[in-house]
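J.: File input01.txt follows (compact mmCIF, C-alpha atoms):
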```txt
# COMPACT_ATOMS: atom_id res chain seq x y z
CA MET A 114 26.17 -14.33 -15.92
CA PHE A 115 28.82 -16.62 -14.42
CA THR A 116 28.56 -20.38 -14.17
CA PHE A 117 30.37 -22.57 -11.69
CA SER A 118 30.18 -26.17 -12.95
CA PHE A 119 31.39 -29.19 -11.07
CA LYS A 120 30.73 -32.85 -10.44
CA ALA A 121 29.63 -33.90 -6.97
CA ILE A 122 27.66 -36.75 -5.42
CA GLY A 123 28.00 -38.51 -8.75
CA THR A 124 26.18 -35.91 -10.79
CA GLN A 125 26.65 -32.64 -12.68
CA TRP A 126 26.07 -29.33 -10.88
CA GLU A 127 25.80 -25.78 -12.18
CA ILE A 128 25.56 -22.61 -10.17
CA GLU A 129 24.71 -19.44 -12.07
CA THR A 130 25.41 -16.07 -10.46
CA TYR A 131 25.62 -12.46 -11.66
CA GLU A 132 28.93 -11.97 -9.86
CA PRO A 133 31.58 -14.70 -10.06
CA LEU A 134 32.09 -16.95 -7.08
CA VAL A 135 35.58 -16.48 -5.69
CA ARG A 136 37.72 -19.54 -5.06
CA GLY A 137 37.03 -19.56 -1.32
CA GLN A 138 33.28 -19.56 -1.93
CA GLN A 139 33.59 -22.40 -4.42
CA GLN A 140 35.68 -24.41 -1.94
CA ARG A 141 33.13 -23.83 0.80
CA ILE A 142 30.32 -25.19 -1.39
CA LEU A 143 32.33 -28.25 -2.46
CA ARG A 144 33.32 -28.99 1.16
CA ARG A 145 29.72 -28.71 2.33
CA ILE A 146 28.52 -31.12 -0.36
CA GLU A 147 31.32 -33.54 0.53
CA GLU A 148 30.29 -33.34 4.20
CA PHE A 149 26.68 -34.14 3.26
CA ASP A 150 27.83 -37.09 1.15
CA THR A 151 29.98 -38.44 3.99
CA THR A 152 26.87 -38.62 6.13
CA TYR A 153 24.11 -39.73 3.76
CA SER A 154 25.60 -41.61 0.82
CA ARG A 155 24.83 -45.31 0.88
CA PHE A 156 27.33 -45.66 -1.99
CA ARG A 157 30.29 -44.78 0.27
CA PRO A 158 31.55 -47.43 2.69
CA ASP A 159 32.79 -44.69 5.08
CA SER A 160 29.46 -42.85 5.37
CA LEU A 161 27.33 -42.72 8.48
CA VAL A 162 24.42 -44.47 6.75
CA SER A 163 26.79 -47.26 5.68
CA ARG A 164 27.73 -47.69 9.36
CA VAL A 165 24.02 -47.93 10.22
CA ALA A 166 23.66 -50.54 7.48
CA ALA A 167 26.65 -52.52 8.75
CA ALA A 168 25.73 -52.61 12.46
CA PRO A 169 24.73 -56.25 13.10
CA GLU A 170 22.90 -55.47 16.35
CA GLY A 171 21.91 -51.93 15.44
CA GLY A 172 22.83 -49.09 17.77
CA CYS A 173 22.44 -45.39 18.50
CA PHE A 174 23.68 -43.11 15.74
CA ASP A 175 24.11 -39.35 16.09
CA PHE A 176 23.47 -37.53 12.84
CA PRO A 177 24.56 -33.94 12.17
CA ASP A 178 22.25 -30.97 12.81
CA ASP A 179 21.17 -30.83 9.16
CA SER A 180 19.43 -34.19 9.60
CA LEU A 181 16.67 -32.69 11.73
CA ALA A 182 14.93 -30.90 8.86
CA LEU A 183 15.55 -33.84 6.51
CA PHE A 184 14.18 -36.48 8.89
CA ASP A 185 11.22 -34.23 9.78
CA LEU A 186 10.41 -33.96 6.08
CA TYR A 187 10.66 -37.74 5.69
CA ASP A 188 8.25 -38.15 8.63
CA ARG A 189 5.72 -35.95 6.81
CA LEU A 190 6.24 -37.67 3.45
CA HIS A 191 5.99 -41.10 5.05
CA ARG A 192 2.67 -40.18 6.69
CA ALA A 193 1.21 -38.37 3.67
CA THR A 194 1.94 -41.32 1.37
CA ALA A 195 0.80 -43.96 3.90
CA GLY A 196 4.30 -45.43 3.97
CA ALA A 197 5.08 -45.46 0.23
CA VAL A 198 7.91 -42.96 0.73
CA ASP A 199 10.34 -44.43 3.25
CA PRO A 200 14.12 -43.92 3.63
CA LEU A 201 14.42 -47.62 4.46
CA VAL A 202 13.57 -48.44 0.84
CA GLY A 203 17.36 -48.67 0.57
CA ARG A 204 17.39 -52.42 1.19
CA ASP A 205 14.85 -53.03 -1.56
CA LEU A 206 16.91 -50.93 -3.98
CA GLU A 207 19.97 -53.02 -3.11
CA LEU A 208 18.07 -56.26 -3.55
CA LEU A 209 16.96 -55.13 -7.01
CA GLY A 210 20.57 -54.39 -7.93
CA TYR A 211 20.83 -50.63 -7.26
CA ASP A 212 23.65 -51.22 -4.80
CA ARG A 213 27.02 -49.74 -3.89
CA THR A 214 28.79 -51.52 -6.75
CA TYR A 215 25.97 -50.75 -9.21
CA SER A 216 25.69 -54.47 -9.85
CA LEU A 217 22.25 -53.84 -11.41
CA THR A 218 21.62 -57.52 -10.83
CA PRO A 219 18.58 -58.44 -8.74
CA ALA A 220 19.16 -60.72 -5.76
CA PRO A 221 17.80 -64.29 -6.06
CA ASN A 222 14.03 -64.58 -5.61
CA LEU A 223 14.47 -66.51 -2.38
CA VAL A 224 16.41 -63.67 -0.77
CA ARG A 225 13.86 -61.11 -1.93
CA GLU A 226 10.94 -63.22 -0.75
CA GLU A 227 12.51 -63.53 2.67
CA TYR A 228 12.89 -59.77 2.96
CA ASP A 229 9.30 -59.44 1.77
CA ARG A 230 8.18 -61.16 4.95
CA GLY A 231 9.98 -58.75 7.23
CA ARG A 232 10.25 -55.45 5.36
CA ALA A 233 11.64 -52.67 7.57
CA SER A 234 9.77 -49.40 7.91
CA TRP A 235 10.77 -45.90 9.01
CA SER A 236 7.85 -45.63 11.43
CA LYS A 237 8.29 -49.01 13.12
CA ASP A 238 11.96 -50.00 12.97
CA ILE A 239 13.67 -46.74 13.87
CA ILE A 240 13.33 -44.76 17.05
CA ARG A 241 14.28 -41.15 16.41
CA ASP A 242 15.04 -38.52 19.00
CA GLY A 243 15.82 -35.34 17.08
CA THR A 244 19.04 -36.08 15.24
CA SER A 245 19.68 -39.45 16.91
CA LEU A 246 18.51 -42.71 15.42
CA VAL A 247 18.23 -45.91 17.40
CA THR A 248 18.15 -49.15 15.42
CA ARG A 249 18.02 -52.82 16.43
CA CYS A 250 19.34 -54.39 13.24
CA PRO A 251 21.17 -53.36 10.06
CA LEU A 252 18.99 -50.90 8.13
CA VAL A 253 19.73 -49.34 4.75
CA ILE A 254 18.81 -45.66 4.75
CA ASP A 255 18.41 -44.11 1.31
CA VAL A 256 17.65 -40.38 1.21
CA GLY A 257 17.23 -40.45 -2.57
CA ALA A 258 13.68 -39.08 -2.47
CA ALA A 259 14.52 -35.72 -0.88
CA GLY A 260 18.27 -35.65 -0.19
CA LYS A 261 19.53 -33.96 -3.35
CA GLY A 262 16.82 -31.33 -3.19
CA TYR A 263 17.78 -30.68 0.41
CA LEU A 264 21.41 -30.30 -0.64
CA VAL A 265 20.35 -27.76 -3.29
CA ASP A 266 18.66 -25.79 -0.49
CA ILE A 267 21.82 -25.99 1.63
CA VAL A 268 23.97 -24.69 -1.26
CA SER A 269 21.43 -21.90 -1.89
CA GLU A 270 21.70 -20.89 1.76
CA ILE A 271 25.50 -20.68 1.47
CA LEU A 272 25.10 -18.36 -1.54
CA ARG A 273 22.63 -16.19 0.36
CA GLU A 274 24.95 -15.93 3.35
CA ALA A 275 27.73 -14.88 0.97
CA GLY A 276 25.53 -11.99 -0.21
CA PHE A 277 24.20 -13.47 -3.46
CA ASN A 278 20.49 -12.95 -4.05
CA GLN A 279 20.24 -13.63 -7.78
CA PHE A 280 21.22 -17.17 -8.66
CA VAL A 281 20.25 -20.59 -9.95
CA VAL A 282 21.47 -23.77 -8.31
CA ASP A 283 20.99 -26.74 -10.66
CA GLY A 284 21.84 -30.17 -9.30
CA SER A 285 20.85 -32.06 -12.47
CA GLY A 286 17.11 -31.62 -12.43
CA ASP A 287 16.78 -30.26 -8.92
CA LEU A 288 16.68 -26.49 -9.34
CA ARG A 289 16.43 -23.54 -7.05
CA HIS A 290 16.08 -20.00 -8.33
CA SER A 291 16.50 -16.72 -6.53
CA GLY A 292 16.07 -13.27 -8.06
CA ASP A 293 13.79 -10.72 -9.73
CA SER A 294 13.45 -12.23 -13.19
CA SER A 295 12.03 -15.68 -13.79
CA ILE A 296 13.69 -18.38 -15.85
CA ARG A 297 12.02 -20.81 -18.26
CA VAL A 298 12.64 -24.46 -17.53
CA GLY A 299 11.93 -27.12 -20.14
CA LEU A 300 10.24 -30.28 -18.89
CA GLU A 301 12.18 -33.07 -20.57
CA HIS A 302 10.18 -35.79 -22.27
CA PRO A 303 10.81 -38.95 -20.23
CA PHE A 304 11.01 -41.11 -23.36
CA ASP A 305 13.04 -38.76 -25.55
CA PRO A 306 15.68 -36.36 -24.19
CA GLN A 307 15.50 -34.37 -27.45
CA LEU A 308 11.95 -33.30 -26.60
CA VAL A 309 10.25 -31.25 -23.94
CA ILE A 310 6.60 -31.77 -23.00
CA GLY A 311 6.15 -28.30 -21.52
CA VAL A 312 7.77 -25.36 -19.79
CA ALA A 313 7.74 -23.93 -16.29
CA ASN A 314 8.41 -20.36 -15.24
CA LEU A 315 10.52 -20.39 -12.13
CA GLN A 316 11.13 -17.48 -9.79
CA ASP A 317 12.19 -17.48 -6.16
CA CYS A 318 11.29 -21.12 -5.70
CA ALA A 319 12.41 -24.63 -6.52
CA LEU A 320 11.56 -27.15 -9.24
CA CYS A 321 12.45 -30.82 -8.97
CA ALA A 322 11.93 -33.54 -11.55
CA SER A 323 11.80 -37.28 -11.25
CA ALA A 324 11.48 -39.94 -13.95
CA ILE A 325 11.63 -43.71 -14.02
CA THR A 326 12.74 -44.07 -17.62
CA ARG A 327 16.44 -43.31 -17.52
CA ARG A 328 17.59 -44.84 -14.26
CA ALA A 329 16.21 -48.21 -15.29
CA TRP A 330 18.17 -51.41 -15.67
CA GLY A 331 15.93 -54.22 -16.70
CA ASP A 332 12.42 -55.45 -17.20
CA GLY A 333 10.37 -53.11 -15.03
CA LEU A 334 13.38 -52.34 -12.85
CA HIS A 335 14.07 -48.72 -11.92
CA HIS A 336 14.78 -46.60 -8.89
CA VAL A 337 11.31 -45.45 -7.79
CA LEU A 338 9.92 -48.16 -5.53
CA ASP A 339 6.83 -48.31 -3.40
CA ALA A 340 8.47 -48.82 0.00
CA ARG A 341 5.50 -50.84 1.23
CA THR A 342 6.02 -53.56 -1.35
CA GLY A 343 9.51 -52.97 -2.77
CA VAL A 344 8.00 -53.03 -6.25
CA PRO A 345 8.88 -50.37 -8.86
CA VAL A 346 5.95 -48.13 -9.82
CA ARG A 347 4.47 -48.40 -13.31
CA ASN A 348 1.62 -46.00 -14.02
CA VAL A 349 3.40 -42.69 -13.49
CA VAL A 350 6.56 -42.19 -15.54
CA ALA A 351 7.65 -38.65 -14.67
CA THR A 352 6.84 -35.87 -12.23
CA TRP A 353 7.77 -32.20 -11.83
CA VAL A 354 7.04 -30.28 -8.65
CA VAL A 355 7.41 -26.59 -7.83
CA ALA A 356 7.61 -25.60 -4.15
CA ASP A 357 9.31 -22.97 -2.02
CA GLU A 358 12.10 -25.34 -1.07
CA ALA A 359 13.90 -27.90 -3.21
CA ALA A 360 13.77 -30.55 -0.46
CA ILE A 361 9.97 -30.42 -0.47
CA ALA A 362 9.76 -30.30 -4.28
CA ASP A 363 12.13 -33.28 -4.53
CA GLY A 364 10.26 -35.33 -1.93
CA LEU A 365 6.88 -34.57 -3.51
CA ALA A 366 8.22 -35.44 -6.98
CA THR A 367 8.72 -38.94 -5.57
CA ALA A 368 5.50 -38.96 -3.54
CA LEU A 369 3.42 -38.17 -6.65
CA PHE A 370 4.37 -41.56 -8.10
CA PHE A 371 2.26 -43.15 -5.36
CA THR A 372 -0.16 -40.63 -3.95
CA ARG A 373 -2.82 -38.34 -5.39
CA ALA A 374 -1.92 -34.67 -5.56
CA ASP A 375 -5.02 -33.44 -3.73
CA HIS A 376 -4.11 -35.65 -0.82
CA LEU A 377 -0.55 -34.31 -0.65
CA ALA A 378 -1.87 -30.76 -1.03
CA GLU A 379 -3.54 -31.01 2.35
CA VAL A 380 -0.10 -31.19 3.93
CA PHE A 381 2.21 -29.41 1.44
CA ARG A 382 2.02 -26.28 -0.70
CA PHE A 383 3.11 -27.00 -4.28
CA SER A 384 2.16 -27.14 -7.95
CA TYR A 385 2.95 -29.99 -10.28
CA VAL A 386 2.94 -31.81 -13.61
CA ARG A 387 2.87 -35.55 -13.85
CA MET A 388 3.03 -37.82 -16.83
CA PHE A 389 1.59 -41.31 -17.16
CA ALA A 390 2.81 -44.38 -19.02
CA ASP A 391 0.10 -43.94 -21.66
CA GLY A 392 1.46 -40.55 -22.76
CA ARG A 393 -1.05 -38.41 -20.96
CA ALA A 394 -0.01 -35.76 -18.49
CA GLU A 395 -1.81 -33.71 -15.88
CA ILE A 396 -0.99 -30.19 -14.77
CA SER A 397 -2.26 -28.49 -11.65
CA GLN A 398 -4.12 -25.27 -12.22
CA ASN A 399 -1.68 -23.36 -10.04
CA PHE A 400 1.32 -24.48 -12.11
CA ASP A 401 3.12 -21.49 -13.62
CA GLY A 402 3.83 -22.89 -17.07
CA LYS A 403 2.19 -25.00 -19.73
CA LEU A 404 2.08 -28.40 -21.33
CA PHE A 405 2.29 -28.94 -25.08
CA SER A 406 -0.83 -30.88 -25.99
CA MET B 274 -26.33 -60.97 -2.62
CA THR B 275 -23.02 -61.20 -4.46
CA ARG B 276 -24.28 -59.46 -7.54
CA LEU B 277 -25.61 -56.63 -5.39
CA SER B 278 -22.17 -55.86 -4.07
CA LYS B 279 -21.09 -54.83 -7.54
CA ARG B 280 -19.49 -51.43 -7.41
CA ILE B 281 -19.71 -48.65 -9.90
CA LYS B 282 -16.49 -46.73 -10.00
CA VAL B 283 -16.77 -43.07 -10.72
CA THR B 284 -13.52 -41.26 -11.36
CA MET B 285 -13.51 -37.55 -11.88
CA ALA B 286 -11.07 -34.78 -11.22
CA GLY B 287 -8.59 -37.29 -9.91
CA ILE B 288 -10.86 -38.36 -7.08
CA SER B 289 -12.14 -41.90 -7.10
CA VAL B 290 -15.36 -42.73 -5.42
CA ALA B 291 -16.71 -46.22 -5.20
CA LEU B 292 -20.43 -45.94 -5.27
CA VAL B 293 -22.04 -48.98 -3.77
CA ILE B 294 -25.51 -49.44 -5.10
CA ALA B 295 -26.69 -52.10 -2.72
CA GLY B 296 -26.84 -51.61 0.98
CA CYS B 297 -23.70 -53.55 1.79
CA SER B 298 -21.58 -51.93 4.44
CA THR B 299 -18.73 -49.61 3.58
CA THR B 300 -16.39 -47.89 5.94
CA ASP B 301 -16.03 -44.43 4.49
CA MET B 302 -19.09 -43.91 2.39
CA GLU B 303 -22.63 -42.85 3.05
CA VAL B 304 -24.93 -44.16 0.40
CA ALA B 305 -28.35 -42.67 0.02
CA ARG B 306 -30.86 -45.03 -1.54
CA PRO B 307 -33.08 -43.46 -4.16
CA MET B 308 -36.16 -43.60 -1.94
CA SER B 309 -34.63 -41.51 0.79
CA THR B 310 -33.28 -38.64 -1.26
CA PRO B 311 -35.51 -35.68 -1.98
CA HIS B 312 -34.41 -35.23 -5.62
CA THR B 313 -34.97 -38.81 -6.59
CA VAL B 314 -36.78 -39.98 -9.67
CA VAL B 315 -37.57 -43.65 -9.48
CA THR B 316 -39.24 -45.08 -12.50
CA ARG B 317 -39.37 -48.63 -11.29
CA SER B 318 -39.37 -50.10 -7.83
CA ARG B 319 -36.82 -52.74 -6.81
CA SER B 320 -39.40 -55.45 -6.30
CA ALA B 321 -40.85 -54.83 -9.73
CA SER B 322 -37.53 -54.83 -11.54
CA SER B 323 -37.09 -57.40 -14.22
CA LYS B 324 -34.52 -60.16 -14.09
CA GLU B 325 -32.36 -58.47 -16.69
CA SER B 326 -31.89 -55.35 -14.61
CA LEU B 327 -29.60 -55.57 -11.58
CA TYR B 328 -30.37 -52.17 -10.19
CA ALA B 329 -33.44 -50.00 -9.94
CA ASP B 330 -33.36 -46.97 -12.17
CA GLY B 331 -33.04 -43.66 -10.43
CA ILE B 332 -30.69 -41.02 -9.17
CA TYR B 333 -28.24 -42.21 -6.58
CA THR B 334 -26.20 -39.95 -4.38
CA ALA B 335 -23.09 -40.81 -2.40
CA ILE B 336 -20.66 -38.81 -0.35
CA GLY B 337 -17.04 -39.79 -0.81
CA GLN B 338 -14.43 -38.81 1.73
CA TYR B 339 -10.76 -38.42 1.00
CA GLY B 340 -7.66 -37.06 2.61
CA SER B 341 -6.73 -36.86 6.24
CA LEU B 342 -8.91 -33.90 7.26
CA PRO B 343 -11.09 -35.43 5.71
CA SER B 344 -12.66 -33.56 2.81
CA SER B 345 -15.63 -34.79 0.87
CA ILE B 346 -17.35 -34.61 -2.46
CA THR B 347 -20.84 -35.57 -3.46
CA VAL B 348 -21.26 -37.80 -6.46
CA THR B 349 -24.66 -38.06 -8.10
CA VAL B 350 -25.20 -40.82 -10.61
CA THR B 351 -28.22 -41.32 -12.82
CA LEU B 352 -28.90 -44.95 -13.57
CA ALA B 353 -31.16 -46.33 -16.30
CA ASP B 354 -31.24 -50.03 -17.21
CA ASP B 355 -28.00 -50.62 -15.29
CA VAL B 356 -26.23 -47.95 -17.30
CA ILE B 357 -24.92 -44.72 -15.85
CA THR B 358 -26.41 -41.97 -17.95
CA ALA B 359 -25.16 -38.97 -15.97
CA VAL B 360 -22.57 -38.21 -13.32
CA GLU B 361 -22.31 -35.03 -11.32
CA VAL B 362 -19.53 -34.30 -8.85
CA THR B 363 -19.92 -31.48 -6.35
CA PRO B 364 -17.02 -30.56 -4.11
CA HIS B 365 -18.10 -29.27 -0.73
CA ALA B 366 -15.17 -28.61 1.49
CA THR B 367 -15.93 -27.27 4.91
CA ASN B 368 -12.91 -25.01 5.27
CA PRO B 369 -11.62 -22.43 2.78
CA THR B 370 -8.24 -24.15 2.39
CA SER B 371 -9.79 -27.41 1.33
CA LEU B 372 -12.21 -25.66 -1.00
CA ASP B 373 -9.31 -23.85 -2.61
CA LEU B 374 -7.38 -27.12 -2.94
CA GLN B 375 -10.36 -28.86 -4.50
CA ARG B 376 -10.79 -26.11 -7.05
CA ARG B 377 -7.10 -25.92 -7.85
CA PHE B 378 -6.64 -29.64 -8.26
CA ALA B 379 -10.00 -30.23 -9.91
CA ALA B 380 -8.52 -28.98 -13.17
CA ALA B 381 -5.79 -31.59 -13.29
CA ILE B 382 -7.49 -33.75 -15.89
CA PRO B 383 -4.87 -35.63 -17.90
CA THR B 384 -4.42 -34.81 -21.58
CA VAL B 385 -2.13 -36.38 -24.13
CA VAL B 386 1.07 -34.38 -24.43
CA VAL B 387 3.07 -33.81 -27.56
CA GLY B 388 6.78 -33.28 -27.23
CA LYS B 389 8.42 -30.29 -28.88
CA ARG B 390 12.05 -30.30 -29.92
CA ILE B 391 14.26 -28.59 -27.37
CA ASP B 392 15.75 -26.32 -30.05
CA GLU B 393 12.26 -25.10 -31.00
CA VAL B 394 11.43 -24.01 -27.47
CA LYS B 395 13.33 -21.23 -25.79
CA VAL B 396 14.34 -22.42 -22.35
CA ASP B 397 17.02 -21.43 -19.87
CA ARG B 398 17.33 -24.82 -18.19
CA LEU B 399 16.04 -28.36 -18.42
CA ALA B 400 14.52 -30.58 -15.78
CA GLY B 401 13.82 -34.24 -16.22
CA SER B 402 15.38 -37.59 -16.68
CA SER B 403 18.77 -36.35 -17.85
CA GLY B 404 19.74 -35.96 -14.20
CA THR B 405 21.04 -39.50 -14.04
CA PRO B 406 23.94 -40.19 -11.67
CA GLU B 407 27.29 -40.73 -13.38
CA GLY B 408 27.90 -44.03 -11.60
CA PHE B 409 24.60 -45.32 -12.86
CA LYS B 410 25.31 -44.31 -16.44
CA ALA B 411 28.76 -45.92 -16.25
CA ALA B 412 27.25 -49.16 -14.97
CA ILE B 413 24.67 -49.25 -17.76
CA GLN B 414 27.44 -48.69 -20.30
CA ARG B 415 29.49 -51.50 -18.73
CA ILE B 416 26.54 -53.89 -18.92
CA ASN B 417 25.87 -52.92 -22.53
CA GLU B 418 29.49 -53.63 -23.41
CA GLN B 419 29.40 -56.97 -21.63
CA ALA B 420 26.20 -57.82 -23.44
CA ARG B 421 27.81 -56.94 -26.76
CA ILE B 422 30.89 -59.06 -26.04
CA GLY B 423 28.70 -61.90 -24.79
CA GLY B 424 26.56 -61.58 -27.90
CA THR B 425 29.59 -61.80 -30.19
CA ALA B 426 31.04 -64.78 -28.30
CA SER B 427 27.87 -66.78 -28.55
CA LYS B 428 27.63 -66.42 -32.30
```
Spell out the structure here as structure tokens.
T.:
Amino acid sequence: MFTFSFKAIGTQWEIETYEPLVRGQQQRILRRIEEFDTTYSRFRPDSLVSRVAAAPEGGCFDFPDDSLALFDLYDRLHRATAGAVDPLVGRDLELLGYDRTYSLTPAPNLVREEYDRGRASWSKDIIRDGTSLVTRCPLVIDVGAAGKGYLVDIVSEILREAGFNQFVVDGSGDLRHSGDSSIRVGLEHPFDPQLVIGVANLQDCALCASAITRRAWGDGLHHVLDARTGVPVRNVVATWVVADEAAIADGLATALFFTRADHLAEVFRFSYVRMFADGRAEISQNFDGKLFS
Amino acid sequence: MTRLSKRIKVTMAGISVALVIAGCSTTDMEVARPMSTPHTVVTRSRSASSKESLYADGIYTAIGQYGSLPSSITVTVTLADDVITAVEVTPHATNPTSLDLQRRFAAAIPTVVVGKRIDEVKVDRLAGSSGTPEGFKAAIQRINEQARIGGTASK
């Protein structure tokens, strides 16, 4: 087993393969991730989404071909969660302090209250034609709900094209497995990284995790916000979703903070575990794995 | 009529159904009054009910709809002296997919979890909150340091 480890989009990545990746293959993966970041990172001033955010009168912005599947997925997530999942949650994240400089300092109440009166939404404030977005004012797009999972899928596809069919792509909690033998994945306890609350068996599919406990910076402040209100969620503290694709698993891991699983299951195929603030957790019957209770 | 609009919330299998006892209008719920359901046992009529009791005893049935299709479940509640003594939930999806979904997700009843130490459990990988972006961790560290310095200065 060979492991290619690297840092990209501000996080740790590991790719496990049975045959080593040659230098050219490694370079191709790193370039593709960089390309994705140049389009979608709201933390880079030179990115396309930063240009959308900086356009005073809005405009028409042509996104790359890979945006079609991503935006389509966001359309479905937005509908299935009645607007709770929304890429335009970016402005609310900034106002709470999760901004480009990581100020982690919430904007004054007055500023937040003003935005409260005119909160932007993906379904109303953006006109999309395929990969083109038309805006009328500065809008902060944040693809945090499904973007990293989607990137894990893109990297997996590069490996497949290069002839690899047994591998694990691990983008820090967003995993995709391919191969004959399953792997066991520990579900980290959201309140104690030394503990796991259960295990999942993963084979030929993706598992994505989301938790509000670590990326938190103040009293009730963390990165999972209900886009309809801009308020961080409280009842659910962690989610794990298994689906065929990492983009879907990642998006649903966020959606499960707001929306009941049976509702999402009418639109998506997945299994899941979710843990609540009171220490209880639920596991779907179709989840391949177990909880320690 | 305000007291009659009191709702009894029945939550089971992750599906919430607000059962409205009185005949006040609801948008997504059909409420069958005890008198009109065939399997009803009414021990006391409304007009004869005492002041202490808000609702007539009996078996009440309501159909709750959820989802976009929509799917529905039937909730049957037995009421005696304003207390729910029994609840029965029957899923009845019309298409096989929904029925399958209802059965699969019906088991997701939360239980208290106990963490096990990572070194006691054999796992190949971990998934959870450790996937925190570097920039975020650095910022938290910076703030902690500032807080420490500030704390020292103020003493």
J.: Name the closest residue to Gly392 in chain A among the candidates A:Cys321, A:Val224, A:Ile310, A:Val380; distances are taken between atoms, counting all atoms listed in the file.
T.: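 With all atoms listed in the file as the atom set, the closest residue is A:Ile310.
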J.: Using all atoms listed in the file, find the residues of chain A whose closest atom to chain B is at most 7 Å away, then write them as an MDAnalysis selection string.
T.: chainID A and resid 123:124 215 285:286 296:303 307:310 322:324 327:328 375:376 378 392:399 404:406
J.: Take the residues just selected and output them with C-alpha atoms as a JSON list (two decimals), in the coordinates of the input.
T.:
```json
[["chain", "number", "residue", "atom", "x", "y", "z"],
["A", 123, "GLY", "CA", 28.00, -38.51, -8.75],
["A", 124, "THR", "CA", 26.18, -35.91, -10.79],
["A", 215, "TYR", "CA", 25.97, -50.75, -9.21],
["A", 285, "SER", "CA", 20.85, -32.06, -12.47],
["A", 286, "GLY", "CA", 17.11, -31.62, -12.43],
["A", 296, "ILE", "CA", 13.69, -18.38, -15.85],
["A", 297, "ARG", "CA", 12.02, -20.81, -18.26],
["A", 298, "VAL", "CA", 12.64, -24.46, -17.53],
["A", 299, "GLY", "CA", 11.93, -27.12, -20.14],
["A", 300, "LEU", "CA", 10.24, -30.28, -18.89],
["A", 301, "GLU", "CA", 12.18, -33.07, -20.57],
["A", 302, "HIS", "CA", 10.18, -35.79, -22.27],
["A", 303, "PRO", "CA", 10.81, -38.95, -20.23],
["A", 307, "GLN", "CA", 15.50, -34.37, -27.45],
["A", 308, "LEU", "CA", 11.95, -33.30, -26.60],
["A", 309, "VAL", "CA", 10.25, -31.25, -23.94],
["A", 310, "ILE", "CA", 6.60, -31.77, -23.00],
["A", 322, "ALA", "CA", 11.93, -33.54, -11.55],
["A", 323, "SER", "CA", 11.80, -37.28, -11.25],
["A", 324, "ALA", "CA", 11.48, -39.94, -13.95],
["A", 327, "ARG", "CA", 16.44, -43.31, -17.52],
["A", 328, "ARG", "CA", 17.59, -44.84, -14.26],
["A", 375, "ASP", "CA", -5.02, -33.44, -3.73],
["A", 376, "HIS", "CA", -4.11, -35.65, -0.82],
["A", 378, "ALA", "CA", -1.87, -30.76, -1.03],
["A", 392, "GLY", "CA", 1.46, -40.55, -22.76],
["A", 393, "ARG", "CA", -1.05, -38.41, -20.96],
["A", 394, "ALA", "CA", -0.01, -35.76, -18.49],
["A", 395, "GLU", "CA", -1.81, -33.71, -15.88],
["A", 396, "ILE", "CA", -0.99, -30.19, -14.77],
["A", 397, "SER", "CA", -2.26, -28.49, -11.65],
["A", 398, "GLN", "CA", -4.12, -25.27, -12.22],
["A", 399, "ASN", "CA", -1.68, -23.36, -10.04],
["A", 404, "LEU", "CA", 2.08, -28.40, -21.33],
["A", 405, "PHE", "CA", 2.29, -28.94, -25.08],
["A", 406, "SER", "CA", -0.83, -30.88, -25.99]]
```
J.: Quote the spacing between CA of Asp266 in chain A and CA of Pro133 in chain A in Å to one decimal place.
T.: 19.5 Å
J.: Which of these, A:Ile128, A:Val265, A:Asp212, A:Ile240, has the shortest distance to Pro158 in chain A once you count only C-alpha atoms?
T.: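 Answer, going by the shortest atom-to-atom distance: A:Asp212.
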J.: In Å, with one decimal, what is the gap from CA of Arg289 in chain A to CA of Leu320 in chain A?
T.: 6.4 Å
J.: Which distance in Å separates CA of Phe389 in chain A and CA of Ser295 in chain A, to one decimal?
T.: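 Result for CA of Phe389 in chain A versus CA of Ser295 in chain A: 27.9 Å, one decimal.
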J.: Could you pull the residues within 7 Å of range 366-369 of chain A, counting all atoms listed in the file, minus those fewer than 4 positions along the same chain, as a ChimeraX atom specification?
T.: /A:194,198,258,321-323,352-354,362,373-374
